[in-house]
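Undergrad: I'd like to ask some things about the structure below.
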Amino acid sequence: MKRLLTFISALLILASCCTERGPKTEWVVDCNGGGDFTSLQACLDALPSKSPVWRTVTVKEGVYNEKITIDVYKDKLTIVGEGDVKIVWDDHSGKTVDGYTMTTYDCWTMSVQADEVHLQNLTIENSAGRVGQAVALETRGDRIIIENCRLLGNQDTFFTKDYVARIYVKDSYIEGTTDFIFGASTTVFDNCEIHCKQNSYITAASTAERTIYGYVFRKCRISVADEVTAMYLGRPWKSTGRTVWMECYMPEQIRPEGWHNWGAKDREERSFYAEYKCYGPGADRSKRVKWSHELTDEEAAKYTLENIYALKIGSEQYRWPWDGTFNKETPITE
């Protein structure tokens with residue numbers, strides 16, 4: 001009996017210590033063996049699901065040849081690179097693995113399917129080359145911040161997949177060839193470099209009809225590779241696609257007409273493509289397509305994060321309000 005009481009007492013002390021310490025909230029991934037895991041995916045798989053508090057995964061410098069999925073249960077998560085961190089995979093549409101042929105919807109290098117995810121200081125690359133659709137980063141969750149990241153690829157580099165989702169990209173670099181920023185999510189790009197590698201189209205928005213805002217580029221810079229001579233700012237993947245460029249630098253390689261209707265006349269009437277106070281040799285609107293718009297000062301003033309990410313936009317209702325920031329001390333709870 002005395003031994004049993006001693007054992008129970010020890011368990012109670014251990015439980016008390018664990019309670020005081022709280023749940024583990026920080027992990028380190030190091031491909032060279034100096035952390036909790038050598039694989040980022042192994043770390044993500046081990047994280048507790050549906051955490052009530054924010055967690056941080058620090059990824060040490062190195063190349064991680066992995067296909068990464070942040071599943072829907074791994075929300076309230078920061079993944080931050082320390083040094084030069086590269087996450088690389090080479091899937092692409094048409095590639096067959098174990099009898100299955102991939103499409104645009106599953107050829108990503110990283111897929112963020114959870115809500116409330118903050119990616120910092122990461123390079124995410126699809127290294128398949130110019131073989132068709134090959135996604136580097138796919139997002140499906142709501143309230144996702146991508147900060148100081150590099151998204152590298154060719155066609156379809158960045159896929160903002162979900163209709164009911166808000167994404168904030170800032171101080172980042174995105175490169176590609178055709179439609180390399182595409183999808184349905186409401187997404188703001190602040191102070192980013194958008195690098196064009198081939199004559200084609202930068203954006204292909206598929207914004208839902210019920211959504212007021214689609215892609216909004218603010219104070220970004222378009223750059224081009226040496227061989228590029230003619231780029232469109234965008235074309236509507238779906239007929240109600242929406243894209244706006246505001247106070248962005250545009251090089252001379254931007255086509256005078258600016259926008260393309262994807263060969264469908266009705267998309268000229270249902271889509272919304274606009275510019276506001278952009279500058280550079282490619283920003284001249286005198287020869288733009290007639291169905292594009294120049295925002296007035298009054299219209300442009302509405303393009304704030306608070307308005308773009310509001311709880312209800314048009315007829316679309318989000319679960320939570322958002323202003324493009326996270327208060328990680330007092331996270332949203334059910």
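Chain labels A, B, ... are given in the sequence in which chains occur in the structure tokens; within each chain residues are numbered consecutively from 1, and ligands are likewise numbered from 1 in the order shown.
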Name the residues of range 95-171 of chain A that fall into strand (DSSP E) according to DSSP on the backbone, using the chain letters and numbers of this document, as a PyMOL selection string.

TA: chain A and resi 96-97+100-101+110-112+117-120+123-126+137-139+144-147+150-152+158-160+166-170

Undergrad: Could you save those same residues with C-alpha atoms as a PDB file, in the first residue's frame?

TA:
```pdb
ATOM      1  CA  THR A  96       2.193   9.730 -62.830  1.00  0.00           C
ATOM      2  CA  VAL A  97       3.046   8.275 -59.418  1.00  0.00           C
ATOM      3  CA  TYR A 100      -2.103   8.085 -60.389  1.00  0.00           C
ATOM      4  CA  THR A 101      -1.742  11.036 -62.748  1.00  0.00           C
ATOM      5  CA  MET A 110       3.462  22.980 -49.962  1.00  0.00           C
ATOM      6  CA  SER A 111      -0.280  22.996 -49.247  1.00  0.00           C
ATOM      7  CA  VAL A 112      -1.607  25.157 -46.393  1.00  0.00           C
ATOM      8  CA  VAL A 117      -1.029  30.078 -40.462  1.00  0.00           C
ATOM      9  CA  HIS A 118       1.963  32.435 -40.625  1.00  0.00           C
ATOM     10  CA  LEU A 119       4.837  31.555 -42.977  1.00  0.00           C
ATOM     11  CA  GLN A 120       8.044  33.586 -42.579  1.00  0.00           C
ATOM     12  CA  THR A 123      11.747  29.659 -49.983  1.00  0.00           C
ATOM     13  CA  ILE A 124       9.125  27.322 -51.436  1.00  0.00           C
ATOM     14  CA  GLU A 125      10.014  25.964 -54.850  1.00  0.00           C
ATOM     15  CA  ASN A 126       8.521  23.672 -57.442  1.00  0.00           C
ATOM     16  CA  LEU A 137       2.475  26.980 -52.783  1.00  0.00           C
ATOM     17  CA  GLU A 138      -1.221  26.192 -52.506  1.00  0.00           C
ATOM     18  CA  THR A 139      -3.442  27.767 -49.841  1.00  0.00           C
ATOM     19  CA  ILE A 144      -2.937  33.127 -43.804  1.00  0.00           C
ATOM     20  CA  ILE A 145       0.071  35.459 -43.753  1.00  0.00           C
ATOM     21  CA  ILE A 146       3.034  34.907 -46.083  1.00  0.00           C
ATOM     22  CA  GLU A 147       5.869  37.198 -45.039  1.00  0.00           C
ATOM     23  CA  ARG A 150      10.173  33.406 -51.973  1.00  0.00           C
ATOM     24  CA  LEU A 151       7.796  31.399 -54.165  1.00  0.00           C
ATOM     25  CA  LEU A 152       9.681  29.906 -57.091  1.00  0.00           C
ATOM     26  CA  PHE A 158       1.021  30.290 -56.387  1.00  0.00           C
ATOM     27  CA  PHE A 159      -2.504  28.827 -56.136  1.00  0.00           C
ATOM     28  CA  THR A 160      -4.889  30.655 -53.777  1.00  0.00           C
ATOM     29  CA  ARG A 166      -8.264  35.658 -46.935  1.00  0.00           C
ATOM     30  CA  ILE A 167      -4.525  35.696 -47.648  1.00  0.00           C
ATOM     31  CA  TYR A 168      -1.991  38.430 -46.887  1.00  0.00           C
ATOM     32  CA  VAL A 169       1.343  38.367 -48.744  1.00  0.00           C
ATOM     33  CA  LYS A 170       3.938  40.971 -47.821  1.00  0.00           C
TER      34      LYS A 170
END
```

Undergrad: Write out as a ChimeraX atom specification which residues come within 8 Å of range 199-213 of chain A when counting only C-alpha atoms, dropping same-chain ones fewer than 6 positions away.

TA: /A:163,176-186,228-243,308,313-316

Undergrad: Write a file of the just-selected residues containing C-alpha atoms, as a PDB file, in the first residue's frame.

TA:
```pdb
ATOM      1  CA  TYR A 163     -13.217  30.933 -52.295  1.00  0.00           C
ATOM      2  CA  GLY A 176       6.712  32.362 -62.801  1.00  0.00           C
ATOM      3  CA  THR A 177       5.751  32.113 -66.447  1.00  0.00           C
ATOM      4  CA  THR A 178       2.006  31.668 -67.114  1.00  0.00           C
ATOM      5  CA  ASP A 179      -0.875  32.500 -64.713  1.00  0.00           C
ATOM      6  CA  PHE A 180       1.636  32.146 -61.919  1.00  0.00           C
ATOM      7  CA  ILE A 181      -0.629  33.833 -59.373  1.00  0.00           C
ATOM      8  CA  PHE A 182      -4.065  32.278 -59.703  1.00  0.00           C
ATOM      9  CA  GLY A 183      -7.168  31.261 -57.799  1.00  0.00           C
ATOM     10  CA  ALA A 184     -10.228  32.434 -55.916  1.00  0.00           C
ATOM     11  CA  SER A 185      -9.082  33.683 -52.502  1.00  0.00           C
ATOM     12  CA  THR A 186      -9.226  37.331 -51.470  1.00  0.00           C
ATOM     13  CA  VAL A 228      10.514  38.823 -71.746  1.00  0.00           C
ATOM     14  CA  THR A 229       9.054  41.365 -74.162  1.00  0.00           C
ATOM     15  CA  ALA A 230       5.273  41.279 -73.577  1.00  0.00           C
ATOM     16  CA  MET A 231       3.269  40.503 -70.411  1.00  0.00           C
ATOM     17  CA  TYR A 232      -0.394  40.863 -69.551  1.00  0.00           C
ATOM     18  CA  LEU A 233      -1.288  41.991 -66.032  1.00  0.00           C
ATOM     19  CA  GLY A 234      -3.976  39.346 -65.889  1.00  0.00           C
ATOM     20  CA  ARG A 235      -6.881  37.450 -67.366  1.00  0.00           C
ATOM     21  CA  PRO A 236     -10.044  36.040 -65.740  1.00  0.00           C
ATOM     22  CA  TRP A 237      -9.829  32.289 -65.111  1.00  0.00           C
ATOM     23  CA  LYS A 238     -13.493  32.518 -64.111  1.00  0.00           C
ATOM     24  CA  SER A 239     -15.768  35.106 -65.655  1.00  0.00           C
ATOM     25  CA  THR A 240     -16.027  37.140 -62.415  1.00  0.00           C
ATOM     26  CA  GLY A 241     -12.279  37.364 -61.723  1.00  0.00           C
ATOM     27  CA  ARG A 242     -11.117  40.570 -60.015  1.00  0.00           C
ATOM     28  CA  THR A 243      -7.607  42.070 -59.919  1.00  0.00           C
ATOM     29  CA  ILE A 308     -10.855  43.935 -47.918  1.00  0.00           C
ATOM     30  CA  ILE A 313     -17.870  41.117 -48.136  1.00  0.00           C
ATOM     31  CA  GLY A 314     -20.705  41.262 -50.614  1.00  0.00           C
ATOM     32  CA  SER A 315     -22.867  38.253 -49.793  1.00  0.00           C
ATOM     33  CA  GLU A 316     -19.938  36.227 -48.426  1.00  0.00           C
TER      34      GLU A 316
END
```

Undergrad: Would you mind telling me which residue in A:His260, A:Lys86, A:Arg255, A:Lys50 lies nearest to Tyr64 in chain A when using only C-alpha atoms?

TA: A:Lys86

Undergrad: Measuring between only C-alpha atoms, which one of A:Leu295, A:Leu47, A:Cys220, A:Ala128 shows the shortest distance to Met250 in chain A?

TA: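 For Met250 in chain A, the nearest of the given residues is A:Cys220.
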
Undergrad: For Asp91 in chain A, please output as a ChimeraX atom specification all residues within 12 Å (counting only C-alpha atoms; exclusion window: fewer than 3 positions along the same chain).

TA: /A:65-68,88,94-97,101-110,125-137,153,157

Undergrad: One decimal, in Å: what's the spacing between CA of Asp84 in chain A and CA of Cys196 in chain A?

TA: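 Going from CA of Asp84 in chain A over to CA of Cys196 in chain A, I get 22.9 Å.
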
Undergrad: Please identify the alpha helix (DSSP H) residues within range 113-281 of chain A (assignment by DSSP from backbone atoms) and present them as a list of chain:residue names.

TA: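 Here is the list: A:Asp266, A:Arg267, A:Glu268, A:Glu269, A:Arg270.
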
Undergrad: For the selection you just gave me, I'd like the residues written to a file as a PDB file, in the first residue's frame, keeping all heavy atoms.

TA:
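And here is the file that came out, selection.pdb:
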```
ATOM      1  N   ASP A 266     -17.958  37.712 -72.752  1.00  0.00           N
ATOM      2  CA  ASP A 266     -18.766  37.967 -71.559  1.00  0.00           C
ATOM      3  C   ASP A 266     -17.908  38.268 -70.327  1.00  0.00           C
ATOM      4  O   ASP A 266     -18.367  38.918 -69.387  1.00  0.00           O
ATOM      5  CB  ASP A 266     -19.685  36.778 -71.268  1.00  0.00           C
ATOM      6  CG  ASP A 266     -18.911  35.542 -70.840  1.00  0.00           C
ATOM      7  OD1 ASP A 266     -17.979  35.145 -71.564  1.00  0.00           O
ATOM      8  OD2 ASP A 266     -19.240  34.977 -69.780  1.00  0.00           O
ATOM      9  N   ARG A 267     -16.653  37.824 -70.328  1.00  0.00           N
ATOM     10  CA  ARG A 267     -15.789  38.081 -69.180  1.00  0.00           C
ATOM     11  C   ARG A 267     -15.387  39.557 -69.101  1.00  0.00           C
ATOM     12  O   ARG A 267     -15.000  40.036 -68.036  1.00  0.00           O
ATOM     13  CB  ARG A 267     -14.562  37.177 -69.231  1.00  0.00           C
ATOM     14  CG  ARG A 267     -14.952  35.717 -69.183  1.00  0.00           C
ATOM     15  CD  ARG A 267     -13.783  34.783 -69.032  1.00  0.00           C
ATOM     16  NE  ARG A 267     -14.245  33.393 -69.104  1.00  0.00           N
ATOM     17  CZ  ARG A 267     -13.522  32.329 -68.787  1.00  0.00           C
ATOM     18  NH1 ARG A 267     -12.278  32.471 -68.360  1.00  0.00           N
ATOM     19  NH2 ARG A 267     -14.027  31.117 -68.880  1.00  0.00           N
ATOM     20  N   GLU A 268     -15.493  40.255 -70.206  1.00  0.00           N
ATOM     21  CA  GLU A 268     -15.226  41.682 -70.180  1.00  0.00           C
ATOM     22  C   GLU A 268     -16.277  42.409 -69.348  1.00  0.00           C
ATOM     23  O   GLU A 268     -15.977  43.403 -68.686  1.00  0.00           O
ATOM     24  CB  GLU A 268     -15.213  42.249 -71.605  1.00  0.00           C
ATOM     25  CG  GLU A 268     -14.114  41.675 -72.479  1.00  0.00           C
ATOM     26  CD  GLU A 268     -14.131  42.248 -73.875  1.00  0.00           C
ATOM     27  OE1 GLU A 268     -14.937  43.201 -74.115  1.00  0.00           O
ATOM     28  OE2 GLU A 268     -13.362  41.769 -74.737  1.00  0.00           O
ATOM     29  N   GLU A 269     -17.487  41.930 -69.363  1.00  0.00           N
ATOM     30  CA  GLU A 269     -18.576  42.568 -68.637  1.00  0.00           C
ATOM     31  C   GLU A 269     -18.645  42.121 -67.181  1.00  0.00           C
ATOM     32  O   GLU A 269     -18.999  42.906 -66.299  1.00  0.00           O
ATOM     33  CB  GLU A 269     -19.909  42.259 -69.331  1.00  0.00           C
ATOM     34  CG  GLU A 269     -19.979  42.727 -70.776  1.00  0.00           C
ATOM     35  CD  GLU A 269     -21.256  42.268 -71.468  1.00  0.00           C
ATOM     36  OE1 GLU A 269     -22.069  41.578 -70.815  1.00  0.00           O
ATOM     37  OE2 GLU A 269     -21.427  42.593 -72.658  1.00  0.00           O
ATOM     38  N   ARG A 270     -18.271  40.894 -66.885  1.00  0.00           N
ATOM     39  CA  ARG A 270     -18.472  40.351 -65.537  1.00  0.00           C
ATOM     40  C   ARG A 270     -17.234  40.442 -64.652  1.00  0.00           C
ATOM     41  O   ARG A 270     -17.350  40.406 -63.430  1.00  0.00           O
ATOM     42  CB  ARG A 270     -18.926  38.898 -65.641  1.00  0.00           C
ATOM     43  CG  ARG A 270     -20.179  38.695 -66.497  1.00  0.00           C
ATOM     44  CD  ARG A 270     -20.691  37.288 -66.371  1.00  0.00           C
ATOM     45  NE  ARG A 270     -21.169  37.028 -65.020  1.00  0.00           N
ATOM     46  CZ  ARG A 270     -21.342  35.810 -64.506  1.00  0.00           C
ATOM     47  NH1 ARG A 270     -21.037  34.753 -65.230  1.00  0.00           N
ATOM     48  NH2 ARG A 270     -21.795  35.655 -63.289  1.00  0.00           N
TER      49      ARG A 270
END
```

Undergrad: Choose the residue, out of A:Gly280, A:Gly324, A:Gly62, A:Gly141, that has the smallest atom-to-atom separation from Val85 in chain A; count only C-alpha atoms.

TA: A:Gly62

Undergrad: Which is closer to Leu77 in chain A than all the others in A:Cys43, A:Ala225, A:Ala264, A:Ala114, using only C-alpha atoms?

TA: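 Going through A:Cys43, A:Ala225, A:Ala264, A:Ala114 one by one, the smallest distance to Leu77 in chain A is for A:Ala114.
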
Undergrad: So, counting only C-alpha atoms, which residue among A:Glu61, A:Asp115, A:Glu294, A:Glu26 is closest to Ile87 in chain A?

TA: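 Closest residue, counting only C-alpha atoms: A:Glu61.
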
Undergrad: Which residue is closest to Ile79 in chain A? Choose from A:Thr25, A:Asn307, A:Ser49, A:Ser93 and count only C-alpha atoms.

TA: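 Checking each candidate against Ile79 in chain A, we get A:Thr25 as the closest.
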
Undergrad: Could you work out how far CA of Pro281 in chain A lies from CA of Ile194 in chain A, giving the answer in Å with one decimal?

TA: 16.1 Å

Undergrad: When you draw a straight line from CA of Gln198 in chain A to CA of Ile254 in chain A, how long is it in Å?

TA: 11.8 Å

Undergrad: I'd like the neighbourhood of Asp297 in chain A as a PyMOL selection string, where a residue qualifies if any of its atoms comes within 12 Å (using only C-alpha atoms), though same-chain residues fewer than 4 positions away should be ignored.

TA: chain A and resi 246-247+275-277+301-303
